[in-house]
$ cat run-v1.tsv   # TSV, C-alpha atoms
chain	number	residue	atom	x	y	z
A	58	ARG	CA	86.87	152.60	87.07
A	59	MET	CA	83.57	151.87	88.76
A	60	ALA	CA	81.83	153.90	91.45
A	61	MET	CA	78.77	153.04	93.53
A	62	LEU	CA	76.06	155.70	93.49
A	63	ALA	CA	72.66	155.92	95.19
A	64	ASN	CA	70.06	153.14	95.00
A	65	GLY	CA	72.57	150.47	93.95
A	66	VAL	CA	73.47	152.25	90.70
A	67	VAL	CA	77.04	151.78	89.50
A	68	LEU	CA	78.96	154.24	87.32
A	69	ASN	CA	81.02	152.10	84.92
A	70	GLU	CA	83.42	154.62	83.40
A	71	ALA	CA	85.21	152.01	81.26
A	72	LYS	CA	81.97	151.24	79.40
A	73	ARG	CA	80.68	154.83	79.71
A	74	ARG	CA	77.41	153.83	81.27
A	75	TYR	CA	75.43	153.76	84.48
A	76	GLU	CA	74.25	150.30	85.51
A	77	LEU	CA	71.63	148.89	87.86
A	78	THR	CA	71.44	145.14	88.36
A	79	VAL	CA	68.22	143.65	89.72
A	80	ASP	CA	67.72	139.89	90.09
A	81	GLY	CA	70.89	139.27	88.07
A	82	VAL	CA	69.67	141.40	85.11
A	83	THR	CA	71.39	144.71	84.30
A	84	ALA	CA	69.72	147.88	83.05
A	85	ILE	CA	72.02	150.48	81.47
A	86	CYS	CA	72.04	154.19	80.73
A	87	GLU	CA	74.81	155.06	78.28
A	88	TYR	CA	76.55	158.43	78.26
A	89	ARG	CA	79.37	160.38	76.70
A	90	ILE	CA	81.02	163.54	77.94
A	91	GLU	CA	81.83	166.38	75.55
A	92	GLY	CA	83.34	169.39	77.25
A	93	GLY	CA	81.04	170.39	80.09
A	94	ARG	CA	78.12	168.39	78.73
A	95	ILE	CA	76.95	164.85	79.40
A	96	ILE	CA	74.97	163.31	76.57
A	97	PHE	CA	72.63	160.39	77.25
A	98	PRO	CA	71.99	158.61	73.93
A	99	HIS	CA	70.45	155.35	75.10
A	100	THR	CA	68.82	153.62	78.07
A	101	VAL	CA	67.93	149.92	78.18
A	102	VAL	CA	65.81	148.19	80.80
A	103	PRO	CA	65.47	144.51	79.89
A	104	PRO	CA	61.85	143.26	79.93
A	105	GLU	CA	62.61	140.83	82.77
A	106	ILE	CA	63.00	143.79	85.15
A	107	GLY	CA	60.73	146.30	83.43
A	108	GLY	CA	57.75	147.91	85.13
A	109	ARG	CA	59.41	147.93	88.55
A	110	GLY	CA	60.85	151.46	88.63
A	111	VAL	CA	64.33	150.26	87.66
A	112	GLY	CA	64.67	152.75	84.79
A	113	GLY	CA	63.61	155.64	86.98
A	114	ARG	CA	66.07	154.74	89.73
A	115	LEU	CA	68.86	154.32	87.17
A	116	VAL	CA	68.24	157.56	85.30
A	117	ASN	CA	67.68	159.66	88.42
A	118	ALA	CA	71.00	158.47	89.87
A	119	ALA	CA	72.70	159.34	86.57
A	120	LEU	CA	71.11	162.80	86.57
A	121	ASP	CA	72.10	163.33	90.23
A	122	ASP	CA	75.68	162.41	89.34
A	123	ALA	CA	75.74	164.76	86.35
A	124	GLU	CA	74.34	167.58	88.48
A	125	ALA	CA	76.90	166.95	91.24
A	126	LYS	CA	79.67	167.19	88.63
A	127	GLY	CA	78.24	170.43	87.23
A	128	LEU	CA	77.62	168.95	83.77
A	129	GLU	CA	74.97	170.23	81.38
A	130	VAL	CA	72.57	167.37	80.63
A	131	VAL	CA	71.78	166.65	76.97
A	132	PRO	CA	69.14	163.91	76.82
A	133	GLU	CA	69.03	162.28	73.39
A	134	CYS	CA	67.17	159.32	74.92
A	135	TRP	CA	63.42	159.93	75.41
A	136	PHE	CA	63.45	158.25	78.82
A	137	VAL	CA	66.20	160.52	80.15
A	138	ALA	CA	64.46	163.56	78.58
A	139	LYS	CA	61.23	162.66	80.38
A	140	ALA	CA	63.02	162.24	83.74
A	141	ALA	CA	64.96	165.51	83.28
A	142	GLU	CA	61.73	167.35	82.45
A	143	ALA	CA	59.99	165.95	85.55
A	144	ARG	CA	62.95	167.05	87.71
A	145	ALA	CA	62.84	170.56	86.25
A	146	LYS	CA	59.19	170.89	87.37
A	147	ARG	CA	60.05	170.13	91.03

$ encode --input "run-v1.tsv" --output "structure tokens"
Amino acid sequence: RMAMLANGVVLNEAKRRYELTVDGVTAICEYRIEGGRIIFPHTVVPPEIGGRGVGGRLVNAALDDAEAKGLEVVPECWFVAKAAEARAKR
């Protein structure tokens, strides 16, 4: 199943990842759910679309989705950890 989220981000449940395609290139943020927790082990923004805020848009949509579902976020990926920390300071 796939669901469209904010900013063009797609939740691809079959592949257990959030996706954002820009100029035909897809950035991904992988996840797995264990109980009431969502674990983010890996985020990839291909260099062709890097430096344009794609990773931030992708990860923030994933974090919004996790929050809306009431899941505890466990960021194993440094990029997700950084975004979660910035959100906590707001």

$ residues_around --input "run-v1.tsv" --residues "Val82 of chain A" --least-positions-apart "3" --cutoff "9 Å" --atoms "only C-alpha atoms" --output "list in words"
Leu77, Thr78, Val79, Val102, Pro103, Glu105 and Ile106 of chain A

$ write_last_selection --input "run-v1.tsv" --atoms "C-alpha atoms" --output "PDB file, in the coordinates of the input"
ATOM      1  CA  LEU A  77      71.630 148.890  87.860  1.00  0.00           C
ATOM      2  CA  THR A  78      71.440 145.140  88.360  1.00  0.00           C
ATOM      3  CA  VAL A  79      68.220 143.650  89.720  1.00  0.00           C
ATOM      4  CA  VAL A 102      65.810 148.190  80.800  1.00  0.00           C
ATOM      5  CA  PRO A 103      65.470 144.510  79.890  1.00  0.00           C
ATOM      6  CA  GLU A 105      62.610 140.830  82.770  1.00  0.00           C
ATOM      7  CA  ILE A 106      63.000 143.790  85.150  1.00  0.00           C
TER       8      ILE A 106
END

$ residues_around --input "run-v1.tsv" --residues "Glu129 of chain A" --least-positions-apart "2" --cutoff "12 Å" --atoms "only C-alpha atoms" --output "list of chain:residue names"
A:Arg89, A:Ile90, A:Glu91, A:Gly92, A:Gly93, A:Arg94, A:Ile95, A:Ile96, A:Phe97, A:Leu120, A:Asp121, A:Asp122, A:Ala123, A:Glu124, A:Ala125, A:Lys126, A:Gly127, A:Val131, A:Pro132, A:Ala141

$ residues_around --input "run-v1.tsv" --residues "Cys86 of chain A" --least-positions-apart "6" --cutoff "7 Å" --atoms "all atoms listed in the file" --output "list in words"
Arg74, Tyr75, Glu76, His99, Thr100, Val101 and Val116 of chain A

$ atom_distance --input "run-v1.tsv" --atom1 "atom CA of Gly107 of chain A" --atom2 "atom CA of Glu70 of chain A"
24.2 Å

$ residues_around --input "run-v1.tsv" --residues "Arg114 of chain A" --least-positions-apart "5" --cutoff "9 Å" --atoms "all atoms listed in the file" --output "PyMOL selection string"
chain A and resi 63-66+77+119

$ atom_distance --input "run-v1.tsv" --atom1 "atom CA of Trp135 of chain A" --atom2 "atom CA of Glu87 of chain A"
12.7 Å

$ atom_distance --input "run-v1.tsv" --atom1 "atom CA of Glu142 of chain A" --atom2 "atom CA of Ala71 of chain A"
28.1 Å

$ closest_residue --input "run-v1.tsv" --among "A:Ala60, A:Leu128, A:Leu68, A:Ala118" --to "Arg144 of chain A" --atoms "only C-alpha atoms"
A:Ala118

$ closest_residue --input "run-v1.tsv" --among "A:Val130, A:Ala138, A:Ala143, A:Ala84" --to "Pro104 of chain A" --atoms "only C-alpha atoms"
A:Ala84

$ closest_residue --input "run-v1.tsv" --among "A:Leu115, A:Pro98, A:Ala145, A:Lys139" --to "Ile85 of chain A" --atoms "all atoms listed in the file"
A:Leu115

$ closest_residue --input "run-v1.tsv" --among "A:Ala140, A:Lys146, A:Arg58, A:Asp80" --to "Arg109 of chain A" --atoms "all atoms listed in the file"
A:Asp80

$ build_atoms --input "run-v1.tsv" --residues "segment 76-102 of chain A" --atoms "N, CA and C atoms" --output "PDB file, in the coordinates of the input"
ATOM      1  N   GLU A  76      74.829 151.635  85.489  1.00  0.00           N
ATOM      2  CA  GLU A  76      74.250 150.300  85.510  1.00  0.00           C
ATOM      3  C   GLU A  76      73.474 150.066  86.800  1.00  0.00           C
ATOM      4  N   LEU A  77      72.384 149.313  86.685  1.00  0.00           N
ATOM      5  CA  LEU A  77      71.630 148.890  87.860  1.00  0.00           C
ATOM      6  C   LEU A  77      71.227 147.448  87.628  1.00  0.00           C
ATOM      7  N   THR A  78      71.729 146.564  88.488  1.00  0.00           N
ATOM      8  CA  THR A  78      71.440 145.140  88.360  1.00  0.00           C
ATOM      9  C   THR A  78      70.386 144.743  89.378  1.00  0.00           C
ATOM     10  N   VAL A  79      69.320 144.123  88.886  1.00  0.00           N
ATOM     11  CA  VAL A  79      68.220 143.650  89.720  1.00  0.00           C
ATOM     12  C   VAL A  79      67.965 142.195  89.339  1.00  0.00           C
ATOM     13  N   ASP A  80      67.951 141.321  90.327  1.00  0.00           N
ATOM     14  CA  ASP A  80      67.720 139.890  90.090  1.00  0.00           C
ATOM     15  C   ASP A  80      68.642 139.329  89.015  1.00  0.00           C
ATOM     16  N   GLY A  81      69.891 139.792  89.009  1.00  0.00           N
ATOM     17  CA  GLY A  81      70.890 139.270  88.070  1.00  0.00           C
ATOM     18  C   GLY A  81      70.788 139.835  86.660  1.00  0.00           C
ATOM     19  N   VAL A  82      69.876 140.784  86.434  1.00  0.00           N
ATOM     20  CA  VAL A  82      69.670 141.400  85.110  1.00  0.00           C
ATOM     21  C   VAL A  82      70.065 142.869  85.208  1.00  0.00           C
ATOM     22  N   THR A  83      70.857 143.351  84.230  1.00  0.00           N
ATOM     23  CA  THR A  83      71.390 144.710  84.300  1.00  0.00           C
ATOM     24  C   THR A  83      70.711 145.663  83.316  1.00  0.00           C
ATOM     25  N   ALA A  84      70.236 146.771  83.856  1.00  0.00           N
ATOM     26  CA  ALA A  84      69.720 147.880  83.050  1.00  0.00           C
ATOM     27  C   ALA A  84      70.870 148.863  82.879  1.00  0.00           C
ATOM     28  N   ILE A  85      70.920 149.545  81.726  1.00  0.00           N
ATOM     29  CA  ILE A  85      72.020 150.480  81.470  1.00  0.00           C
ATOM     30  C   ILE A  85      71.511 151.819  80.943  1.00  0.00           C
ATOM     31  N   CYS A  86      72.274 152.839  81.259  1.00  0.00           N
ATOM     32  CA  CYS A  86      72.040 154.190  80.730  1.00  0.00           C
ATOM     33  C   CYS A  86      73.397 154.664  80.216  1.00  0.00           C
ATOM     34  N   GLU A  87      73.536 154.695  78.899  1.00  0.00           N
ATOM     35  CA  GLU A  87      74.810 155.060  78.280  1.00  0.00           C
ATOM     36  C   GLU A  87      74.990 156.582  78.280  1.00  0.00           C
ATOM     37  N   TYR A  88      76.254 157.000  78.298  1.00  0.00           N
ATOM     38  CA  TYR A  88      76.550 158.430  78.260  1.00  0.00           C
ATOM     39  C   TYR A  88      77.873 158.677  77.542  1.00  0.00           C
ATOM     40  N   ARG A  89      78.053 159.925  77.147  1.00  0.00           N
ATOM     41  CA  ARG A  89      79.370 160.380  76.700  1.00  0.00           C
ATOM     42  C   ARG A  89      79.513 161.817  77.170  1.00  0.00           C
ATOM     43  N   ILE A  90      80.758 162.188  77.458  1.00  0.00           N
ATOM     44  CA  ILE A  90      81.020 163.540  77.940  1.00  0.00           C
ATOM     45  C   ILE A  90      81.747 164.314  76.851  1.00  0.00           C
ATOM     46  N   GLU A  91      81.221 165.484  76.535  1.00  0.00           N
ATOM     47  CA  GLU A  91      81.830 166.380  75.550  1.00  0.00           C
ATOM     48  C   GLU A  91      81.933 167.741  76.200  1.00  0.00           C
ATOM     49  N   GLY A  92      83.156 168.116  76.555  1.00  0.00           N
ATOM     50  CA  GLY A  92      83.340 169.390  77.250  1.00  0.00           C
ATOM     51  C   GLY A  92      82.622 169.351  78.581  1.00  0.00           C
ATOM     52  N   GLY A  93      81.794 170.331  78.844  1.00  0.00           N
ATOM     53  CA  GLY A  93      81.040 170.390  80.090  1.00  0.00           C
ATOM     54  C   GLY A  93      79.651 169.807  79.984  1.00  0.00           C
ATOM     55  N   ARG A  94      79.447 168.985  78.949  1.00  0.00           N
ATOM     56  CA  ARG A  94      78.120 168.390  78.730  1.00  0.00           C
ATOM     57  C   ARG A  94      78.185 166.876  78.870  1.00  0.00           C
ATOM     58  N   ILE A  95      77.098 166.301  79.388  1.00  0.00           N
ATOM     59  CA  ILE A  95      76.950 164.850  79.400  1.00  0.00           C
ATOM     60  C   ILE A  95      75.752 164.512  78.535  1.00  0.00           C
ATOM     61  N   ILE A  96      75.997 163.677  77.544  1.00  0.00           N
ATOM     62  CA  ILE A  96      74.970 163.310  76.570  1.00  0.00           C
ATOM     63  C   ILE A  96      74.521 161.888  76.864  1.00  0.00           C
ATOM     64  N   PHE A  97      73.215 161.707  76.980  1.00  0.00           N
ATOM     65  CA  PHE A  97      72.630 160.390  77.250  1.00  0.00           C
ATOM     66  C   PHE A  97      71.926 159.900  75.988  1.00  0.00           C
ATOM     67  N   PRO A  98      72.594 159.044  75.179  1.00  0.00           N
ATOM     68  CA  PRO A  98      71.990 158.610  73.930  1.00  0.00           C
ATOM     69  C   PRO A  98      71.037 157.426  74.044  1.00  0.00           C
ATOM     70  N   HIS A  99      71.173 156.610  75.115  1.00  0.00           N
ATOM     71  CA  HIS A  99      70.450 155.350  75.100  1.00  0.00           C
ATOM     72  C   HIS A  99      70.288 154.793  76.513  1.00  0.00           C
ATOM     73  N   THR A 100      69.098 154.309  76.813  1.00  0.00           N
ATOM     74  CA  THR A 100      68.820 153.620  78.070  1.00  0.00           C
ATOM     75  C   THR A 100      68.122 152.318  77.748  1.00  0.00           C
ATOM     76  N   VAL A 101      68.542 151.238  78.410  1.00  0.00           N
ATOM     77  CA  VAL A 101      67.930 149.920  78.180  1.00  0.00           C
ATOM     78  C   VAL A 101      67.562 149.293  79.513  1.00  0.00           C
ATOM     79  N   VAL A 102      66.278 148.975  79.666  1.00  0.00           N
ATOM     80  CA  VAL A 102      65.810 148.190  80.800  1.00  0.00           C
ATOM     81  C   VAL A 102      65.259 146.894  80.216  1.00  0.00           C
TER      82      VAL A 102
END
